Structures are given as C-alpha cells and as structure tokens.
>>> print(open('final-v5.txt').read())   # compact mmCIF, C-alpha atoms
# COMPACT_ATOMS: atom_id res chain seq x y z
CA MET A 1435 101.27 -16.65 73.06
CA ASN A 1436 100.72 -20.09 74.48
CA SER A 1437 100.69 -23.27 72.43
CA ARG A 1438 96.91 -23.61 72.51
CA ARG A 1439 96.44 -20.20 70.84
CA LYS A 1440 99.14 -21.00 68.29
CA LYS A 1441 97.30 -24.21 67.33
CA ARG A 1442 94.01 -22.33 67.00
CA LEU A 1443 95.64 -19.63 64.86
CA ALA A 1444 97.30 -22.23 62.63
CA LEU A 1445 93.98 -24.06 62.26
CA ALA A 1446 92.15 -20.83 61.38
CA VAL A 1447 94.78 -19.86 58.80
CA ALA A 1448 94.70 -23.36 57.26
CA LEU A 1449 90.90 -23.30 57.14
CA ILE A 1450 90.81 -19.89 55.44
CA GLY A 1451 93.49 -20.98 52.98
CA GLY A 1452 91.61 -24.18 52.16
CA VAL A 1453 88.34 -22.34 51.57
CA ALA A 1454 90.13 -19.81 49.33
CA ALA A 1455 91.77 -22.62 47.32
CA ILE A 1456 88.47 -24.47 46.86
CA ALA A 1457 86.69 -21.27 45.84
CA SER A 1458 89.36 -20.38 43.27
CA LEU A 1459 89.29 -23.90 41.78
CA LEU A 1460 85.50 -23.78 41.60
CA LEU A 1461 85.51 -20.40 39.85
CA TYR A 1462 88.16 -21.62 37.39
CA ALA A 1463 86.09 -24.71 36.56
CA LEU A 1464 82.91 -22.66 36.09
CA ASN A 1465 84.69 -20.12 33.91
CA SER A 1466 86.07 -22.76 31.55
CA ASN A 1467 82.59 -24.30 31.06
CA LEU A 1468 80.78 -21.01 30.55
CA ASN A 1469 78.92 -20.64 27.24
CA LEU A 1470 78.21 -17.02 26.44
CA PHE A 1471 75.41 -16.04 24.05
CA TYR A 1472 76.31 -13.80 21.12
CA THR A 1473 74.47 -12.54 18.07
CA PRO A 1474 76.28 -12.53 14.71
CA SER A 1475 76.68 -8.72 14.96
CA GLU A 1476 78.24 -9.04 18.42
CA ILE A 1477 80.73 -11.60 17.11
CA VAL A 1478 81.75 -9.28 14.27
CA ASN A 1479 81.61 -5.92 16.09
CA GLY A 1480 81.70 -6.79 19.79
CA LYS A 1481 79.01 -6.43 22.47
CA THR A 1482 77.20 -3.10 22.30
CA ASP A 1483 77.67 -2.22 25.96
CA THR A 1484 81.25 -3.42 26.52
CA GLY A 1485 82.71 -3.90 23.04
CA VAL A 1486 83.93 -7.36 24.05
CA LYS A 1487 84.38 -9.84 21.19
CA PRO A 1488 84.60 -13.59 21.70
CA GLU A 1489 88.11 -15.03 21.61
CA ILE A 1490 89.27 -17.63 19.12
CA GLY A 1491 88.80 -21.07 20.65
CA GLN A 1492 86.12 -19.86 23.07
CA ARG A 1493 82.93 -21.91 23.48
CA ILE A 1494 79.97 -19.71 22.63
CA ARG A 1495 76.32 -19.86 21.62
CA VAL A 1496 75.18 -17.86 18.61
CA GLY A 1497 71.59 -17.21 17.69
CA GLY A 1498 69.96 -15.73 14.65
CA MET A 1499 68.20 -16.56 11.41
CA VAL A 1500 69.62 -18.99 8.86
CA THR A 1501 70.44 -17.00 5.73
CA VAL A 1502 68.39 -18.19 2.74
CA GLY A 1503 70.60 -19.74 0.06
CA SER A 1504 73.64 -20.10 2.30
CA MET A 1505 73.42 -23.80 3.13
CA VAL A 1506 76.09 -26.00 1.51
CA ARG A 1507 76.05 -29.77 2.12
CA ASP A 1508 78.91 -32.17 1.48
CA PRO A 1509 77.43 -35.05 -0.57
CA ASP A 1510 79.88 -37.60 0.90
CA SER A 1511 79.42 -36.83 4.60
CA LEU A 1512 77.14 -35.15 7.13
CA HIS A 1513 79.18 -31.91 6.96
CA VAL A 1514 77.01 -28.84 6.38
CA GLU A 1515 77.89 -25.18 6.32
CA PHE A 1516 75.40 -22.30 6.58
CA ALA A 1517 75.33 -18.63 7.49
CA VAL A 1518 73.41 -17.10 10.39
CA HIS A 1519 72.45 -13.42 10.41
CA ASP A 1520 70.60 -10.97 12.62
CA SER A 1521 68.64 -7.76 12.08
CA LEU A 1522 71.73 -5.57 12.55
CA GLY A 1523 73.41 -7.01 9.46
CA GLY A 1524 75.98 -9.21 11.14
CA GLU A 1525 76.59 -12.64 9.67
CA ILE A 1526 78.68 -15.64 10.74
CA VAL A 1527 79.28 -18.97 9.04
CA VAL A 1528 78.49 -22.11 11.06
CA THR A 1529 79.89 -25.55 10.24
CA TYR A 1530 78.29 -28.71 11.61
CA ASP A 1531 79.27 -32.37 11.20
CA ASP A 1532 76.18 -34.18 12.44
CA LEU A 1533 72.51 -34.59 11.61
CA LEU A 1534 70.59 -31.33 11.66
CA PRO A 1535 67.31 -31.19 13.59
CA ASP A 1536 64.25 -32.22 11.58
CA LEU A 1537 62.78 -28.71 11.79
CA PHE A 1538 65.96 -26.99 10.57
CA ARG A 1539 65.55 -24.98 7.38
CA GLU A 1540 66.71 -21.76 5.81
CA GLY A 1541 65.01 -18.57 6.97
CA GLN A 1542 64.26 -19.80 10.49
CA GLY A 1543 65.68 -18.98 13.90
CA ILE A 1544 68.32 -21.26 15.39
CA VAL A 1545 70.80 -21.36 18.25
CA ALA A 1546 74.15 -23.04 17.60
CA GLN A 1547 76.67 -23.92 20.29
CA GLY A 1548 80.31 -24.50 19.46
CA VAL A 1549 83.85 -23.19 19.29
CA LEU A 1550 84.88 -20.07 17.38
CA GLY A 1551 87.64 -20.93 14.91
CA GLU A 1552 90.57 -18.88 13.63
CA ASP A 1553 88.82 -18.49 10.28
CA GLY A 1554 85.90 -16.74 12.00
CA LYS A 1555 83.59 -19.73 11.55
CA LEU A 1556 81.75 -21.40 14.38
CA ALA A 1557 82.44 -25.14 14.54
CA ALA A 1558 79.11 -26.16 16.05
CA THR A 1559 78.71 -29.12 18.38
CA GLU A 1560 74.97 -28.60 18.75
CA VAL A 1561 72.30 -26.91 16.63
CA LEU A 1562 68.86 -26.17 18.07
CA ALA A 1563 65.91 -25.25 15.85
CA LYS A 1564 62.57 -23.81 16.82
CA HIS A 1565 59.85 -26.36 17.50
CA ASP A 1566 56.86 -24.74 15.80
CA GLU A 1567 55.97 -21.75 13.64
CA ASN A 1568 55.32 -19.42 16.61
CA TYR A 1569 58.29 -20.21 18.85
CA MET A 1570 61.63 -18.44 18.83
CA PRO A 1571 64.24 -18.81 21.59
CA PRO A 1572 64.08 -15.75 23.89
CA GLU A 1573 67.73 -14.85 23.19
CA VAL A 1574 67.13 -14.91 19.44
CA ALA A 1575 63.89 -12.93 19.73
CA GLU A 1576 65.66 -10.28 21.77
CA ALA A 1577 68.58 -10.18 19.35
CA MET A 1578 66.24 -9.88 16.37
CA GLY A 1579 64.31 -7.07 18.07
CA GLN A 1580 61.05 -8.97 18.24
CA LYS A 1581 58.79 -8.86 21.25
CA HIS A 1582 57.10 -12.07 22.28
CA GLU A 1583 54.28 -11.80 24.74
CA LYS A 1584 52.48 -14.51 26.62
CA LEU A 1585 49.00 -15.26 25.30
CA ASP A 1586 46.20 -14.37 27.65
CA TYR A 1587 43.49 -16.94 27.02
CA SER A 1588 41.02 -15.26 29.38
CA GLN A 1589 40.76 -12.24 27.06
CA GLN A 1590 40.04 -14.26 23.92
CA LYS A 1591 36.50 -14.00 22.62
CA THR A 1592 34.70 -17.27 22.25
CA ALA A 1593 31.63 -17.91 20.15
CA ALA A 1594 28.44 -18.16 22.17
CA PRO A 1595 26.93 -21.66 22.09
CA ASN A 1596 23.70 -21.94 20.10
>>> encode(input="final-v5.txt", output="structure tokens")
Amino acid sequence: MNSRRKKRLALAVALIGGVAAIASLLLYALNSNLNLFYTPSEIVNGKTDTGVKPEIGQRIRVGGMVTVGSMVRDPDSLHVEFAVHDSLGGEIVVTYDDLLPDLFREGQGIVAQGVLGEDGKLAATEVLAKHDENYMPPEVAEAMGQKHEKLDYSQQKTAAPN
C-alpha cells in the first residue's frame, strides 16, 4: 500500500470514529434530558406493555386527577403536597415548593414534572393545570380512559334567522 492510500484510510477511520463519538455523546445528552410520561398506576405497578417502572431520581411527568381532600399546605411557606390518582386506582403523592397555577384545584386533571424521590413521592418542578372546563391534556385523557374528539362546527344546527 502506498502512502497516499494509507493517508486516505487513516482519514476515513478518523472520520468514522469522530462521527461515532459525536453520535454517542448526542444520544447520551438526549437520554439524560428525556422526560417520560407516566400515570400513577404505571409508577406503582410499571408500564402495562413492558412492566418498566421509573427509577428513583429519574425525571418524569405524571398526569392524573388531583385527589379530593389530599392537598396539604404549609402555612409558613409555599410548600404544598397533594395526591394524584387515575382511573386504575394508582395514586402518587406530589410535593411542590412554588406557586400553583391559578386554575389548580382538587378534582381536576394536572400534569406534574419532576424527580421521583426515594420515598415514592414526586418532587415537582412544574405543575400544569387545565385551562378551561372542557380541556384535558391528551396524555391525561388517554390515561383516564376518556375519549376527546374534535368539535365539528359544520354539523351543528343553527337557529334559522327570523
């Protein structure tokens, strides 16, 4: 093999190695910032299709309905603790140390994002509440077994003008 071919081979090997290194670093960075959606039942029992449970310290999103009568506020701080449940009977406690959304209340659908603690509680960094009486996040609606369909305004009957 002459020197020109050796240089080309070395360049090709270096290029392939560089692309592989960049791809592996990119996948590692994406994996560490991935927020997986779970329902309270899936946190307790594992996903229905794979049986996978979230790991302690993993960043996750949990969606469900706020259990009525479960909210406990600390009178000296913004700390609040409440339970979230779903239609399958699973329930998880969420702790949050910031202002709750204005529309947050017991008995409504929410999505909380945070880190799963060793005590089984979710230490939320963000809590999202529905924005009106008809809206529910698609993940929560699916988890709760509700079907939301798009309104078809063309099929609505309108009163004839007089």
>>> residues_around(input="final-v5.txt", residues="Asp1531 of chain A", least_positions_apart="2", cutoff="12 Å", atoms="only C-alpha atoms", output="short mmCIF file (atom, residue, chain, number, x, y, z; two decimals) with C-alpha atoms, keeping the file's coordinate frame")
data_model
loop_
_atom_site.label_atom_id
_atom_site.label_comp_id
_atom_site.auth_asym_id
_atom_site.auth_seq_id
_atom_site.Cartn_x
_atom_site.Cartn_y
_atom_site.Cartn_z
CA ARG A 1507 76.05 -29.77 2.12
CA ASP A 1508 78.91 -32.17 1.48
CA ASP A 1510 79.88 -37.60 0.90
CA SER A 1511 79.42 -36.83 4.60
CA LEU A 1512 77.14 -35.15 7.13
CA HIS A 1513 79.18 -31.91 6.96
CA VAL A 1514 77.01 -28.84 6.38
CA GLU A 1515 77.89 -25.18 6.32
CA PHE A 1516 75.40 -22.30 6.58
CA VAL A 1528 78.49 -22.11 11.06
CA THR A 1529 79.89 -25.55 10.24
CA LEU A 1533 72.51 -34.59 11.61
CA LEU A 1534 70.59 -31.33 11.66
CA GLY A 1548 80.31 -24.50 19.46
CA LEU A 1556 81.75 -21.40 14.38
CA ALA A 1557 82.44 -25.14 14.54
CA ALA A 1558 79.11 -26.16 16.05
CA THR A 1559 78.71 -29.12 18.38
CA GLU A 1560 74.97 -28.60 18.75
CA VAL A 1561 72.30 -26.91 16.63
#
>>> closest_residue(input="final-v5.txt", among="A:Tyr1472, A:Pro1535, A:Gly1541, A:Ala1444", to="Gly1485 of chain A", atoms="all atoms listed in the file")
A:Tyr1472
>>> residues_around(input="final-v5.txt", residues="segment 1488-1504 of chain A", least_positions_apart="3", cutoff="8 Å", atoms="all atoms listed in the file", output="JSON, numbers by chain")
{"A": [1467, 1468, 1469, 1470, 1471, 1472, 1473, 1474, 1477, 1480, 1515, 1516, 1517, 1518, 1519, 1520, 1539, 1540, 1541, 1542, 1543, 1544, 1545, 1546, 1547, 1548, 1549, 1550, 1551, 1552, 1554, 1573, 1574, 1577, 1578]}
>>> atom_distance(input="final-v5.txt", atom1="atom CA of Thr1482 of chain A", atom2="atom CA of Tyr1530 of chain A")
27.8 Å
>>> closest_residue(input="final-v5.txt", among="A:Pro1509, A:Pro1572, A:Gly1452, A:Gly1523", to="Glu1476 of chain A", atoms="all atoms listed in the file")
A:Gly1523
>>> axis_aligned_box(input="final-v5.txt", around="segment 1523-1541 of chain A", padding_each_side="3 Å", output="lines of an AutoDock Vina configuration file")
center_x = 71.3
center_y = -20.8
center_z = 9.7
size_x = 23.1
size_y = 33.6
size_z = 13.8
>>> atom_distance(input="final-v5.txt", atom1="atom CA of Ser1521 of chain A", atom2="atom CA of Ala1575 of chain A")
10.4 Å
>>> atom_distance(input="final-v5.txt", atom1="atom CA of Phe1538 of chain A", atom2="atom CA of Ala1563 of chain A")
5.6 Å
